[in-house]
Structures are given as C-alpha cells and as structure tokens.
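**Q** For reference, this is coords-v9.cif, and it has mmCIF, C-alpha atoms.
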data_coords
#
loop_
_atom_site.label_atom_id
_atom_site.label_comp_id
_atom_site.auth_asym_id
_atom_site.auth_seq_id
_atom_site.Cartn_x
_atom_site.Cartn_y
_atom_site.Cartn_z
CA MET Y 1 14.89 8.79 -0.63
CA LYS Y 2 13.71 10.57 -3.77
CA ILE Y 3 10.31 12.22 -4.02
CA GLU Y 4 9.50 10.06 -7.06
CA GLU Y 5 9.48 6.98 -4.83
CA ILE Y 6 6.67 8.25 -2.65
CA MET Y 7 4.63 10.50 -4.91
CA VAL Y 8 1.09 9.59 -5.90
CA LYS Y 9 0.59 9.26 -9.64
CA LYS Y 10 -3.16 9.74 -9.41
CA LEU Y 11 -3.62 13.19 -10.93
CA GLU Y 12 -6.81 14.85 -12.00
CA SER Y 13 -6.96 17.91 -14.19
CA VAL Y 14 -9.49 20.27 -15.77
CA GLU Y 15 -9.43 22.60 -18.73
CA ALA Y 16 -8.69 26.23 -17.89
CA ASN Y 17 -11.92 27.41 -19.50
CA ALA Y 18 -14.12 24.77 -17.81
CA PRO Y 19 -16.64 25.95 -15.20
CA VAL Y 20 -15.58 25.69 -11.55
CA TYR Y 21 -18.46 23.23 -11.08
CA ASP Y 22 -16.53 20.67 -13.20
CA ALA Y 23 -13.57 21.00 -10.87
CA ILE Y 24 -15.83 20.60 -7.81
CA GLU Y 25 -17.37 17.44 -9.25
CA LYS Y 26 -14.01 15.84 -9.94
CA MET Y 27 -12.60 16.78 -6.54
CA VAL Y 28 -15.62 15.36 -4.71
CA ASP Y 29 -15.71 12.16 -6.78
CA ARG Y 30 -11.98 11.54 -6.40
CA ARG Y 31 -11.73 12.76 -2.81
CA MET Y 32 -9.02 15.28 -3.72
CA ARG Y 33 -8.22 18.64 -2.21
CA SER Y 34 -6.69 20.19 -5.29
CA ILE Y 35 -6.82 19.74 -9.02
CA LEU Y 36 -4.45 20.64 -11.83
CA VAL Y 37 -5.47 23.15 -14.47
CA ARG Y 38 -4.19 22.17 -17.89
CA PRO Y 39 -2.26 24.76 -19.96
CA LYS Y 40 -4.42 26.50 -22.56
CA ASP Y 41 -1.73 26.29 -25.23
CA GLU Y 42 1.96 25.48 -25.60
CA LYS Y 43 3.02 28.84 -24.19
CA ASP Y 44 0.81 28.46 -21.14
CA VAL Y 45 1.78 26.64 -17.92
CA TYR Y 46 0.01 24.34 -15.46
CA GLY Y 47 -2.08 25.96 -12.74
CA ILE Y 48 -3.82 24.65 -9.65
CA VAL Y 49 -7.20 25.05 -8.01
CA THR Y 50 -7.58 24.06 -4.36
CA MET Y 51 -10.57 23.58 -2.07
CA ARG Y 52 -9.59 26.86 -0.43
CA ASP Y 53 -9.84 28.70 -3.78
CA ILE Y 54 -13.29 27.26 -4.41
CA VAL Y 55 -14.64 27.93 -0.92
CA PHE Y 56 -13.17 31.41 -0.45
CA LYS Y 57 -13.32 32.76 -4.01
CA VAL Y 58 -16.60 31.25 -5.21
CA ILE Y 59 -18.85 29.70 -2.56
CA GLY Y 60 -17.97 32.25 0.14
CA LYS Y 61 -18.83 35.10 -2.22
CA ASN Y 62 -22.14 33.53 -3.27
CA LEU Y 63 -20.98 33.22 -6.86
CA ASP Y 64 -22.38 30.58 -9.19
CA PRO Y 65 -19.70 27.89 -9.80
CA ASN Y 66 -21.31 27.17 -13.16
CA LYS Y 67 -20.62 30.72 -14.33
CA ILE Y 68 -17.05 31.13 -13.10
CA LYS Y 69 -14.24 29.67 -15.16
CA VAL Y 70 -11.52 27.64 -13.52
CA GLU Y 71 -8.79 29.98 -14.84
CA GLU Y 72 -10.37 32.90 -12.96
CA ILE Y 73 -9.61 31.37 -9.58
CA ALA Y 74 -6.58 29.20 -10.42
CA SER Y 75 -3.07 29.93 -9.16
CA LYS Y 76 -0.38 29.94 -11.83
CA PRO Y 77 2.25 28.71 -12.30
CA VAL Y 78 1.96 25.65 -10.11
CA ILE Y 79 4.96 25.07 -7.83
CA SER Y 80 6.57 21.84 -8.88
CA ILE Y 81 9.78 20.06 -7.98
CA ASP Y 82 12.00 17.69 -9.88
CA LYS Y 83 11.27 13.96 -9.45
CA ASP Y 84 14.84 13.34 -8.30
CA MET Y 85 14.72 15.76 -5.37
CA ASP Y 86 15.54 14.30 -1.94
CA ILE Y 87 12.74 14.17 0.61
CA ASP Y 88 14.61 16.22 3.22
CA HIS Y 89 15.03 18.99 0.66
CA VAL Y 90 11.32 18.80 -0.20
CA ILE Y 91 10.41 19.06 3.49
CA SER Y 92 12.44 22.23 3.92
CA LEU Y 93 10.85 23.72 0.78
CA MET Y 94 7.35 22.90 1.98
CA ASN Y 95 8.17 24.37 5.35
CA LYS Y 96 9.62 27.53 3.79
CA PHE Y 97 6.62 28.12 1.51
CA ASN Y 98 4.10 26.75 4.03
CA ILE Y 99 2.48 24.38 1.54
CA ALA Y 100 0.82 21.03 2.21
CA ARG Y 101 1.48 19.37 -1.15
CA VAL Y 102 3.87 19.69 -4.05
CA PHE Y 103 3.58 18.59 -7.62
CA VAL Y 104 6.37 16.53 -9.09
CA SER Y 105 7.61 17.15 -12.60
CA GLU Y 106 9.75 15.49 -15.21
CA GLY Y 107 10.84 18.13 -17.65
CA ARG Y 108 7.74 20.22 -18.39
CA GLU Y 109 5.35 17.42 -17.54
CA ILE Y 110 3.67 17.06 -14.12
CA ILE Y 111 3.87 13.37 -13.22
CA GLY Y 112 2.73 13.17 -9.61
CA VAL Y 113 1.88 14.85 -6.34
CA ALA Y 114 3.14 14.41 -2.79
CA SER Y 115 1.40 15.63 0.34
CA LEU Y 116 2.67 16.04 3.89
CA LEU Y 117 0.79 12.85 4.76
CA ASP Y 118 2.64 10.93 2.01
CA ILE Y 119 5.96 12.23 3.31
CA MET Y 120 5.10 11.38 6.92
CA ALA Y 121 3.99 7.87 5.93
CA ALA Y 122 7.13 7.28 3.86
CA SER Y 123 9.36 8.47 6.70
CA LEU Y 124 7.63 6.21 9.22
CA ILE Y 125 7.97 3.20 6.92
CA GLU Y 126 11.63 3.99 6.29
CA LYS Y 127 12.27 4.25 10.02
CA ALA Y 128 10.44 0.97 10.66
CA ARG Y 129 12.63 -0.71 8.03
CA GLY Y 130 15.63 0.53 9.93
CA GLY Y 131 16.64 3.09 7.35
CA HIS Y 132 17.24 6.81 7.33
CA VAL Y 133 14.46 9.09 8.45
CA ALA Y 134 14.06 12.20 6.33
CA MET L 1 12.30 -8.13 25.03
CA LEU L 2 9.90 -9.68 27.49
CA LEU L 3 9.15 -12.45 25.06
CA GLU L 4 12.83 -13.21 24.93
CA LYS L 5 12.69 -13.97 28.64
CA VAL L 6 9.44 -15.93 28.34
CA PHE L 7 10.74 -17.89 25.37
CA SER L 8 14.19 -18.31 26.78
CA GLY L 9 15.95 -21.55 26.81
CA GLY L 10 14.62 -24.73 25.34
CA LYS L 11 15.63 -26.22 22.05
CA ALA L 12 11.98 -26.81 21.14
CA GLU L 13 11.20 -23.12 21.65
CA GLN L 14 14.16 -22.07 19.52
CA LYS L 15 13.05 -24.47 16.82
CA VAL L 16 9.55 -22.96 16.80
CA ILE L 17 10.91 -19.41 16.62
CA GLU L 18 13.23 -20.27 13.74
CA ASN L 19 10.38 -22.04 11.96
CA ILE L 20 8.05 -19.08 12.36
CA LYS L 21 10.73 -16.84 10.82
CA GLU L 22 11.09 -19.35 7.99
CA HIS L 23 7.32 -19.41 7.57
CA ILE L 24 7.19 -15.62 7.14
CA ARG L 25 10.26 -15.67 4.86
CA THR L 26 8.49 -18.22 2.67
CA LEU L 27 5.47 -15.89 2.53
CA CYS L 28 7.84 -13.10 1.41
CA SER L 29 9.18 -15.37 -1.34
CA ALA L 30 5.66 -16.27 -2.47
CA SER L 31 4.68 -12.58 -2.57
CA ASP L 32 7.85 -11.73 -4.50
CA CYS L 33 7.17 -14.50 -6.96
CA PHE L 34 3.56 -13.39 -7.38
CA LYS L 35 4.67 -9.82 -8.05
CA LYS L 36 7.25 -10.88 -10.63
CA ALA L 37 4.74 -13.18 -12.32
CA ILE L 38 2.13 -10.45 -12.82
CA GLU L 39 4.81 -7.94 -13.81
CA GLY L 40 6.07 -10.29 -16.50
CA GLN L 41 2.61 -11.84 -17.11
CA ASP L 42 4.42 -15.14 -16.67
CA LYS L 43 2.28 -18.23 -16.09
CA GLU L 44 5.26 -20.51 -15.40
CA LEU L 45 6.61 -18.23 -12.70
CA MET L 46 3.19 -18.11 -11.03
CA PHE L 47 3.43 -21.87 -10.30
CA CYS L 48 5.94 -21.04 -7.57
CA VAL L 49 3.11 -19.54 -5.47
CA PRO L 50 1.24 -22.85 -4.88
CA ASP L 51 4.63 -24.56 -4.45
CA LEU L 52 5.64 -22.12 -1.74
CA GLU L 53 2.17 -22.37 -0.19
CA ARG L 54 2.71 -26.13 0.22
CA GLU L 55 6.13 -25.43 1.70
CA GLY L 56 4.47 -22.98 4.10
CA ASP L 57 1.94 -25.66 5.06
CA ALA L 58 4.73 -28.09 5.91
CA ILE L 59 6.44 -25.47 8.09
CA ARG L 60 3.14 -24.66 9.82
CA ARG L 61 2.54 -28.35 10.59
CA GLU L 62 6.02 -28.63 12.04
CA ILE L 63 5.49 -25.57 14.23
CA ILE L 64 2.16 -26.85 15.55
CA SER L 65 3.60 -30.33 16.19
CA THR L 66 6.56 -28.92 18.12
CA ILE L 67 4.22 -26.80 20.21
CA TYR L 68 2.00 -29.79 20.98
CA GLU L 69 5.06 -31.79 21.93
CA GLY L 70 5.48 -29.30 24.76
CA ALA L 71 7.25 -26.20 23.51
CA PHE L 72 6.34 -23.05 25.43
CA LEU L 73 4.24 -22.54 28.51
CA PRO L 74 0.64 -23.70 28.03
CA PHE L 75 -0.89 -20.20 28.18
CA LEU L 76 1.29 -19.08 25.26
CA ARG L 77 0.58 -21.98 22.95
CA PRO L 78 -2.87 -20.96 21.60
CA ASN L 79 -1.61 -17.44 20.84
CA ILE L 80 1.42 -18.66 18.92
CA CYS L 81 -0.67 -21.20 17.02
CA ARG L 82 -3.23 -18.52 16.10
CA PHE L 83 -0.50 -16.19 14.81
CA VAL L 84 0.92 -18.98 12.64
CA GLU L 85 -2.56 -19.77 11.32
CA ILE L 86 -3.17 -16.14 10.34
CA VAL L 87 0.13 -16.10 8.42
CA ASP L 88 -0.96 -19.33 6.76
CA GLU L 89 -4.24 -17.68 5.75
CA ALA L 90 -2.19 -15.05 3.88
CA PHE L 91 -0.61 -17.90 1.87
CA ASP L 92 -4.07 -19.23 1.02
CA VAL L 93 -5.36 -15.86 -0.19
CA LEU L 94 -2.22 -15.30 -2.26
CA GLU L 95 -2.62 -18.75 -3.79
CA ASP L 96 -6.26 -18.00 -4.64
CA ALA L 97 -5.14 -14.80 -6.38
CA ALA L 98 -2.51 -16.80 -8.31
CA HIS L 99 -5.10 -19.35 -9.47
CA VAL L 100 -7.52 -16.66 -10.62
CA PHE L 101 -4.66 -14.97 -12.48
CA GLU L 102 -4.31 -18.19 -14.48
CA TYR L 103 -8.04 -18.22 -15.23
CA LEU L 104 -7.71 -14.65 -16.50
CA GLY L 105 -5.32 -15.98 -19.12
CA THR L 106 -2.31 -14.51 -17.28
CA THR L 107 -2.91 -11.12 -18.79
CA LEU L 108 -4.25 -8.11 -17.01
CA ASP L 109 -6.15 -5.24 -18.59
CA LYS L 110 -4.00 -2.19 -19.13
CA GLU L 111 -6.31 -0.11 -16.93
CA ILE L 112 -5.72 -2.26 -13.86
CA GLU L 113 -2.22 -3.59 -14.54
CA GLU L 114 -0.24 -0.76 -12.93
CA GLU L 115 -2.36 -0.69 -9.77
CA SER L 116 -2.28 -4.48 -9.45
CA ILE L 117 1.52 -4.54 -9.62
CA LYS L 118 1.67 -1.73 -7.09
CA ILE L 119 -0.54 -3.68 -4.68
CA ALA L 120 1.54 -6.85 -5.20
CA ASP L 121 4.66 -4.81 -4.42
CA MET L 122 3.12 -3.40 -1.24
CA ASN L 123 1.98 -6.90 -0.20
CA LEU L 124 5.61 -7.98 -0.47
CA LYS L 125 6.80 -5.01 1.59
CA MET L 126 4.16 -5.80 4.23
CA CYS L 127 5.44 -9.39 4.48
CA GLU L 128 8.99 -8.11 4.95
CA MET L 129 7.73 -5.72 7.61
CA LEU L 130 5.89 -8.56 9.36
CA LEU L 131 9.17 -10.46 9.56
CA LEU L 132 10.87 -7.38 11.04
CA ALA L 133 7.96 -7.03 13.49
CA PHE L 134 8.34 -10.65 14.61
CA GLU L 135 12.09 -10.23 15.06
CA THR L 136 11.36 -7.14 17.16
CA LEU L 137 9.93 -9.43 19.84
CA PHE L 138 13.47 -10.55 20.59
CA SER L 139 15.22 -7.20 20.32
CA LYS L 140 15.02 -3.77 21.85
CA GLU L 141 13.38 -2.29 18.78
CA ASP L 142 9.87 -0.87 18.87
CA LEU L 143 7.15 -3.21 17.63
CA ARG L 144 4.68 -0.32 17.54
CA GLU L 145 6.45 1.40 14.65
CA LYS L 146 6.50 -1.79 12.55
CA ASN L 147 2.83 -2.26 13.30
CA LEU L 148 2.13 1.33 12.20
CA ALA L 149 4.12 0.87 8.98
CA ILE L 150 1.98 -2.18 8.16
CA ARG L 151 -1.19 -0.16 8.80
CA ILE L 152 0.09 2.61 6.49
CA TYR L 153 0.64 0.10 3.68
CA GLU L 154 -2.82 -1.34 4.29
CA ASN L 155 -4.43 2.09 4.05
CA LYS L 156 -2.61 2.77 0.79
CA ILE L 157 -3.84 -0.52 -0.63
CA ASP L 158 -7.38 0.34 0.46
CA ASP L 159 -7.14 3.63 -1.46
CA ILE L 160 -5.95 1.85 -4.59
CA LYS L 161 -8.69 -0.75 -4.17
CA PHE L 162 -11.27 2.06 -4.19
CA ASP L 163 -9.86 3.36 -7.50
CA LEU L 164 -9.72 -0.13 -8.98
CA ILE L 165 -13.36 -0.81 -8.11
CA GLU L 166 -14.31 2.49 -9.76
CA LYS L 167 -12.48 1.38 -12.92
CA LEU L 168 -14.02 -2.08 -12.85
CA ARG L 169 -17.52 -0.65 -12.53
CA LYS L 170 -17.03 1.22 -15.79
CA LYS L 171 -15.62 -1.80 -17.60
CA GLU L 172 -17.78 -3.77 -19.97
CA VAL L 173 -17.65 -7.51 -19.46
CA ASN L 174 -18.59 -10.07 -22.10
CA ASN L 175 -19.81 -12.82 -19.81
CA PHE L 176 -20.46 -13.72 -16.19
CA TRP L 177 -17.24 -15.66 -15.64
CA GLU L 178 -14.99 -12.97 -17.08
CA GLY L 179 -16.51 -10.44 -14.68
CA LYS L 180 -16.40 -12.82 -11.73
CA MET L 181 -12.77 -13.76 -12.27
CA LEU L 182 -11.70 -10.15 -12.57
CA SER L 183 -13.64 -9.20 -9.45
CA ASP L 184 -12.25 -12.20 -7.54
CA PHE L 185 -8.70 -11.36 -8.58
CA ILE L 186 -8.97 -7.83 -7.17
CA SER L 187 -10.67 -9.14 -4.01
CA TYR L 188 -7.96 -11.71 -3.30
CA LEU L 189 -5.13 -9.37 -4.23
CA THR L 190 -6.37 -6.68 -1.87
CA HIS L 191 -7.32 -9.14 0.89
CA VAL L 192 -3.72 -10.32 1.41
CA SER L 193 -2.89 -7.03 3.12
CA ASP L 194 -5.91 -7.35 5.45
CA VAL L 195 -4.65 -10.72 6.63
CA ILE L 196 -1.08 -9.49 7.12
CA GLU L 197 -2.45 -6.55 9.09
CA ASP L 198 -4.40 -9.03 11.26
CA ALA L 199 -1.21 -11.01 11.86
CA SER L 200 0.64 -7.83 12.80
CA ASP L 201 -2.16 -6.78 15.17
CA TYR L 202 -2.13 -10.22 16.75
CA LEU L 203 1.61 -9.98 17.26
CA TYR L 204 1.12 -6.63 18.94
CA ILE L 205 -1.62 -7.96 21.20
CA MET L 206 0.57 -10.96 22.13
CA ASN L 207 3.39 -8.59 23.03
CA VAL L 208 1.14 -6.32 25.11
CA SER L 209 -0.54 -9.23 26.91
CA LEU L 210 2.83 -10.51 28.06
CA ARG L 211 3.93 -7.25 29.68
#
Write out the structure in this file as structure tokens.

**A**
Amino acid sequence: MKIEEIMVKKLESVEANAPVYDAIEKMVDRRMRSILVRPKDEKDVYGIVTMRDIVFKVIGKNLDPNKIKVEEIASKPVISIDKDMDIDHVISLMNKFNIARVFVSEGREIIGVASLLDIMAASLIEKARGGHVA
Amino acid sequence: MLLEKVFSGGKAEQKVIENIKEHIRTLCSASDCFKKAIEGQDKELMFCVPDLEREGDAIRREIISTIYEGAFLPFLRPNICRFVEIVDEAFDVLEDAAHVFEYLGTTLDKEIEEESIKIADMNLKMCEMLLLAFETLFSKEDLREKNLAIRIYENKIDDIKFDLIEKLRKKEVNNFWEGKMLSDFISYLTHVSDVIEDASDYLYIMNVSLR
C-alpha cells in the first residue's frame, strides 16, 4: 500500500511572518497538532510548527504568542516523503527518526500528512480485508 | 464457527444465509452506484439506488418469510430478523440521500464535492466489510477485526462530517429549501455509516451471545 492511499489531505498552513497566535488559533479550531509554515519566497522551503514547539518555546517561557513570529519557532525544512512510498518503508523511517507524523509531497508541493494513527488504522483495515499488513 | 454449528443443516437455514449475503451484496451494489452517480453527477445512474432498494426489500421479505416458516431455532429468529432490518435501514437512508441528490439538481458544490465522494467511497467499503463480517460467522476468521475496521471507517466519516458542517455553516444559501436540501443530503450521506456500524455491532453481539 502506498502512503498516498492513506494520507489525509486536510492541511493547514500559516505564513512564516504571522504571529504564533495565528497558528494556535488554527490548530485549536481544526483540532490539529501541527501546522505547515509556508515558504517565504521561491528559494525558501516549507517548515512546521507543532504543539510541542508552541508549548515549550513560547507558553513555557512566558512569551507573548502575539509578539513571536511563527518562523522563530518553526523547524525547517519539514521532513516529507514521496507520495508513492510504501507504508512499510514509511514505518521504518518514522521509527528511525522517532516521529509521529510525516508530510507527503509530490515534487516540491506538500499534498498530505499521515500520522501513526492513520497508518495503524489503514493496516487494521487491510488485515480485516484479508490483505497484507504493513 | 459456533454459528455454523447452530445454523447447521436445514435447507431453509441455508436459504436464509444465502439471502442475507445477497441482501448485503445488493447494499454494496447500491452504495457503489451511489458513489459513481455523485462522482459523475449522473442523474440516470442514481435511479439504480431506488431500484436496488426495492430489490433489497424483496430479499428482506423472503428472508423474514423463510424464518417465519420455521427456519432456525426460535430464540435465534428475532436476532436474525433485527439484523436484516438494520441492513434494510441502510438501504432506506441511502435512498433518501439519492432522492435529495436529485432535488439538489444532481450537482454538488465544489467545496463539498470531494468530501462527499470520499464518504460515499467509505460507505461502500463499510458495506463490503459488513459482508466479510457476516461471512466470518461461518469461518475461523476473527469477527472482532472486521468490526473494528468498520468502526475505524465510521470515525473517519465522523471527522469529515465535522469539516463539512464547518463549511456548510459558512456557506450562503439563497432560500430555505436550498439550505434544507443541502443539510439533509449531508445528514443522510453520513448516517449510512452509523447504520452499518449498528448492523456490525449487532452481528458482534449475536456472535457473543451464542458462545
């Protein structure tokens, strides 16, 4: 099974120079744990801000999320995998890098995201259908 | 496996089992047809949903008649009938969604089209899984994992429903009926999975109660 078949296409993103508060709002509204940071220009790349970044780098340090820019706490470049990658390969990558979700790309464009929960659900369904389990 | 022993034997019982499989297969066909019709925004193709619903009704009547003629032990009969009725309810909800689709002019707004097709696709996969779950009663396979797969699909549909409602709330509607039809379409479309989940849960309870 390819990662494209199970990825979630629902992606939210913020501008790199937006305040962290904008990212918090979107993440709370959309019940997401991470959000993409759009490239500033053509030479720039996608970044990512997670709940951990916000809690540890802003809230935990008593900083004002309205005064901190997203790019100051974002991780860049975002780790992404090709949409055609097999799930078992993705699992070993996630295990190796100890990450809970991966972004899926097509060329330079990020087109989806897959979490451990998505992978577990897909594997259970595949097994129930009598197919291969990743 | 246990059901195989309980059900063993009689021609009437075999007839009911085969008819129940046919009933679920017909539901799969109706779901497939529904999905293709909204994908292609095809009014003609959507007519197959009420046709298959009527076919499902005929199969349900045959199942119930055979049971009342004496198939199965008396304590099993109400449970089997209830399961068949739940599956039949899924037909009804799907048919309601098909009718509302016609009222919508067989076109869906771009903002909700992709999600609606995705839900229709998952409804179809849930029907196929329900058939596998039913067949599990007569094999050594694990019914629990089919039941879990159905619950996973249902949770995914619930998530999409939440997003769709968010989108609908932001949408401007021109009149009462336009808004009502759109809201009804999403309600029916997302309710099919609830009913299939109920059927799957009932199957599981039937299996457990017979241990």

**Q** Distance limit 12 Å, atoms considered: all atoms listed in the file. Which chain L residues sit that close to chain Y? Return them as a PyMOL selection string.

**A** chain L and resi 114-115+118+122+125-133+135-136+141-156+159-160+162-164+166

**Q** Show me the residues around (9.5, -27.7, 20.4) - criterion: an atom at most 12 Å away, only C-alpha atoms counted - as JSON, numbers by chain.

**A** {"L": [7, 9, 10, 11, 12, 13, 14, 15, 16, 17, 18, 19, 20, 62, 63, 64, 65, 66, 67, 68, 69, 70, 71, 72, 73, 77]}

**Q** I want to know what sits within 12 Å of Arg108 of chain Y, based on only C-alpha atoms, with residues of the same chain fewer than 3 positions away left out; could you give that as an MDAnalysis selection string?

**A** chainID Y and resid 39 42:46 77:83 103:105 111

**Q** Out of Y:Asp86, Y:Asp64, Y:Glu4, Y:Glu12, which residue has the shortest atom-to-atom distance to Thr50 of chain Y when counting only C-alpha atoms?

**A**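 Among the listed residues, Y:Glu12 lies closest to Thr50 of chain Y.
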
**Q** Please provide the set of residues having any atom within 7 Å of Met7 of chain Y, restricted to only C-alpha atoms, with same-chain residues fewer than 4 positions apart removed, written as a PyMOL selection string.

**A** chain Y and resi 3+112-114

**Q** I need the chosen residues saved as an mmCIF file, in the coordinates of the input, with C-alpha atoms.

**A**
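Listed below is the output, result-v4.cif:
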data_model
loop_
_atom_site.group_PDB
_atom_site.id
_atom_site.type_symbol
_atom_site.label_atom_id
_atom_site.label_comp_id
_atom_site.auth_asym_id
_atom_site.auth_seq_id
_atom_site.Cartn_x
_atom_site.Cartn_y
_atom_site.Cartn_z
ATOM 1 C CA ILE Y 3 10.310 12.220 -4.020
ATOM 2 C CA GLY Y 112 2.730 13.170 -9.610
ATOM 3 C CA VAL Y 113 1.880 14.850 -6.340
ATOM 4 C CA ALA Y 114 3.140 14.410 -2.790
#

**Q** Leaving out Leu189 of chain L and any residue of its chain fewer than 4 positions from it, which residues lie within 8 Å of it when counting all atoms listed in the file, given as a PyMOL selection string?

**A** chain L and resi 93-94+97+116+119-120+185

**Q** Can you give me, as a list in words, the residues this file yields under the PyMOL selection byres ((chain L and resi 182) around 9)?

**A**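 Evaluating the PyMOL selection byres ((chain L and resi 182) around 9) on these coordinates yields Val100, Phe101, Leu104, Leu108, Leu168, Trp177, Glu178, Gly179, Lys180, Met181, Ser183, Asp184, Phe185, Ile186 and Ser187 of chain L.
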
**Q** How would the residues just picked look written out with C-alpha atoms as a PDB file, in the frame of the given file?

**A**
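Output saved as part_4.pdb:
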ATOM      1  CA  VAL L 100      -7.520 -16.660 -10.620  1.00  0.00           C
ATOM      2  CA  PHE L 101      -4.660 -14.970 -12.480  1.00  0.00           C
ATOM      3  CA  LEU L 104      -7.710 -14.650 -16.500  1.00  0.00           C
ATOM      4  CA  LEU L 108      -4.250  -8.110 -17.010  1.00  0.00           C
ATOM      5  CA  LEU L 168     -14.020  -2.080 -12.850  1.00  0.00           C
ATOM      6  CA  TRP L 177     -17.240 -15.660 -15.640  1.00  0.00           C
ATOM      7  CA  GLU L 178     -14.990 -12.970 -17.080  1.00  0.00           C
ATOM      8  CA  GLY L 179     -16.510 -10.440 -14.680  1.00  0.00           C
ATOM      9  CA  LYS L 180     -16.400 -12.820 -11.730  1.00  0.00           C
ATOM     10  CA  MET L 181     -12.770 -13.760 -12.270  1.00  0.00           C
ATOM     11  CA  SER L 183     -13.640  -9.200  -9.450  1.00  0.00           C
ATOM     12  CA  ASP L 184     -12.250 -12.200  -7.540  1.00  0.00           C
ATOM     13  CA  PHE L 185      -8.700 -11.360  -8.580  1.00  0.00           C
ATOM     14  CA  ILE L 186      -8.970  -7.830  -7.170  1.00  0.00           C
ATOM     15  CA  SER L 187     -10.670  -9.140  -4.010  1.00  0.00           C
TER      16      SER L 187
END

**Q** Rounded to one decimal in Å, what is the spacing between atom CA of Asn17 of chain Y and atom CA of Ser115 of chain Y?

**A**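 Here the two named atoms are 26.6 Å from each other.
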
**Q** Would you compute the distance between atom CA of Glu39 of chain L and atom CA of Ile110 of chain Y? Give it in Å to one decimal.

**A**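 The value is 25.0 Å.
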
**Q** Check the smallest atom-to-atom distance from each of L:Ile24, L:Ile80, L:Met46, L:Ala90 to Ile59 of chain L using all atoms listed in the file, then report the winner.

**A**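 Among the listed residues, the smallest separation from Ile59 of chain L belongs to L:Ile24.
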
**Q** Supply segment 18-32 of chain Y as a PDB file, in the coordinates of the input, with N, CA and C atoms built in where the input has gaps.

**A**
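Writing the result to selection_18.pdb gives the following:
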ATOM      1  N   ALA Y  18     -12.967  25.536 -18.313  1.00  0.00           N
ATOM      2  CA  ALA Y  18     -14.120  24.770 -17.810  1.00  0.00           C
ATOM      3  C   ALA Y  18     -14.742  25.518 -16.625  1.00  0.00           C
ATOM      4  N   PRO Y  19     -16.044  25.309 -16.374  1.00  0.00           N
ATOM      5  CA  PRO Y  19     -16.640  25.950 -15.200  1.00  0.00           C
ATOM      6  C   PRO Y  19     -16.103  25.350 -13.895  1.00  0.00           C
ATOM      7  N   VAL Y  20     -16.092  26.160 -12.853  1.00  0.00           N
ATOM      8  CA  VAL Y  20     -15.580  25.690 -11.550  1.00  0.00           C
ATOM      9  C   VAL Y  20     -16.362  24.452 -11.090  1.00  0.00           C
ATOM     10  N   TYR Y  21     -17.640  24.373 -11.500  1.00  0.00           N
ATOM     11  CA  TYR Y  21     -18.460  23.230 -11.080  1.00  0.00           C
ATOM     12  C   TYR Y  21     -17.827  21.901 -11.521  1.00  0.00           C
ATOM     13  N   ASP Y  22     -17.199  21.890 -12.708  1.00  0.00           N
ATOM     14  CA  ASP Y  22     -16.530  20.670 -13.200  1.00  0.00           C
ATOM     15  C   ASP Y  22     -15.410  20.259 -12.249  1.00  0.00           C
ATOM     16  N   ALA Y  23     -14.669  21.270 -11.802  1.00  0.00           N
ATOM     17  CA  ALA Y  23     -13.570  21.000 -10.870  1.00  0.00           C
ATOM     18  C   ALA Y  23     -14.123  20.450  -9.554  1.00  0.00           C
ATOM     19  N   ILE Y  24     -15.222  21.048  -9.069  1.00  0.00           N
ATOM     20  CA  ILE Y  24     -15.830  20.600  -7.810  1.00  0.00           C
ATOM     21  C   ILE Y  24     -16.242  19.131  -7.932  1.00  0.00           C
ATOM     22  N   GLU Y  25     -16.907  18.814  -9.040  1.00  0.00           N
ATOM     23  CA  GLU Y  25     -17.370  17.440  -9.250  1.00  0.00           C
ATOM     24  C   GLU Y  25     -16.224  16.438  -9.181  1.00  0.00           C
ATOM     25  N   LYS Y  26     -15.156  16.761  -9.907  1.00  0.00           N
ATOM     26  CA  LYS Y  26     -14.010  15.840  -9.940  1.00  0.00           C
ATOM     27  C   LYS Y  26     -13.380  15.692  -8.555  1.00  0.00           C
ATOM     28  N   MET Y  27     -13.251  16.823  -7.855  1.00  0.00           N
ATOM     29  CA  MET Y  27     -12.600  16.780  -6.540  1.00  0.00           C
ATOM     30  C   MET Y  27     -13.436  15.972  -5.537  1.00  0.00           C
ATOM     31  N   VAL Y  28     -14.759  16.109  -5.617  1.00  0.00           N
ATOM     32  CA  VAL Y  28     -15.620  15.360  -4.710  1.00  0.00           C
ATOM     33  C   VAL Y  28     -15.576  13.874  -5.056  1.00  0.00           C
ATOM     34  N   ASP Y  29     -15.713  13.573  -6.353  1.00  0.00           N
ATOM     35  CA  ASP Y  29     -15.710  12.160  -6.780  1.00  0.00           C
ATOM     36  C   ASP Y  29     -14.408  11.467  -6.419  1.00  0.00           C
ATOM     37  N   ARG Y  30     -13.299  12.174  -6.598  1.00  0.00           N
ATOM     38  CA  ARG Y  30     -11.980  11.540  -6.400  1.00  0.00           C
ATOM     39  C   ARG Y  30     -11.400  11.792  -5.018  1.00  0.00           C
ATOM     40  N   ARG Y  31     -12.169  12.429  -4.177  1.00  0.00           N
ATOM     41  CA  ARG Y  31     -11.730  12.760  -2.810  1.00  0.00           C
ATOM     42  C   ARG Y  31     -10.365  13.459  -2.821  1.00  0.00           C
ATOM     43  N   MET Y  32     -10.276  14.533  -3.630  1.00  0.00           N
ATOM     44  CA  MET Y  32      -9.020  15.280  -3.720  1.00  0.00           C
ATOM     45  C   MET Y  32      -9.218  16.704  -3.221  1.00  0.00           C
TER      46      MET Y  32
END
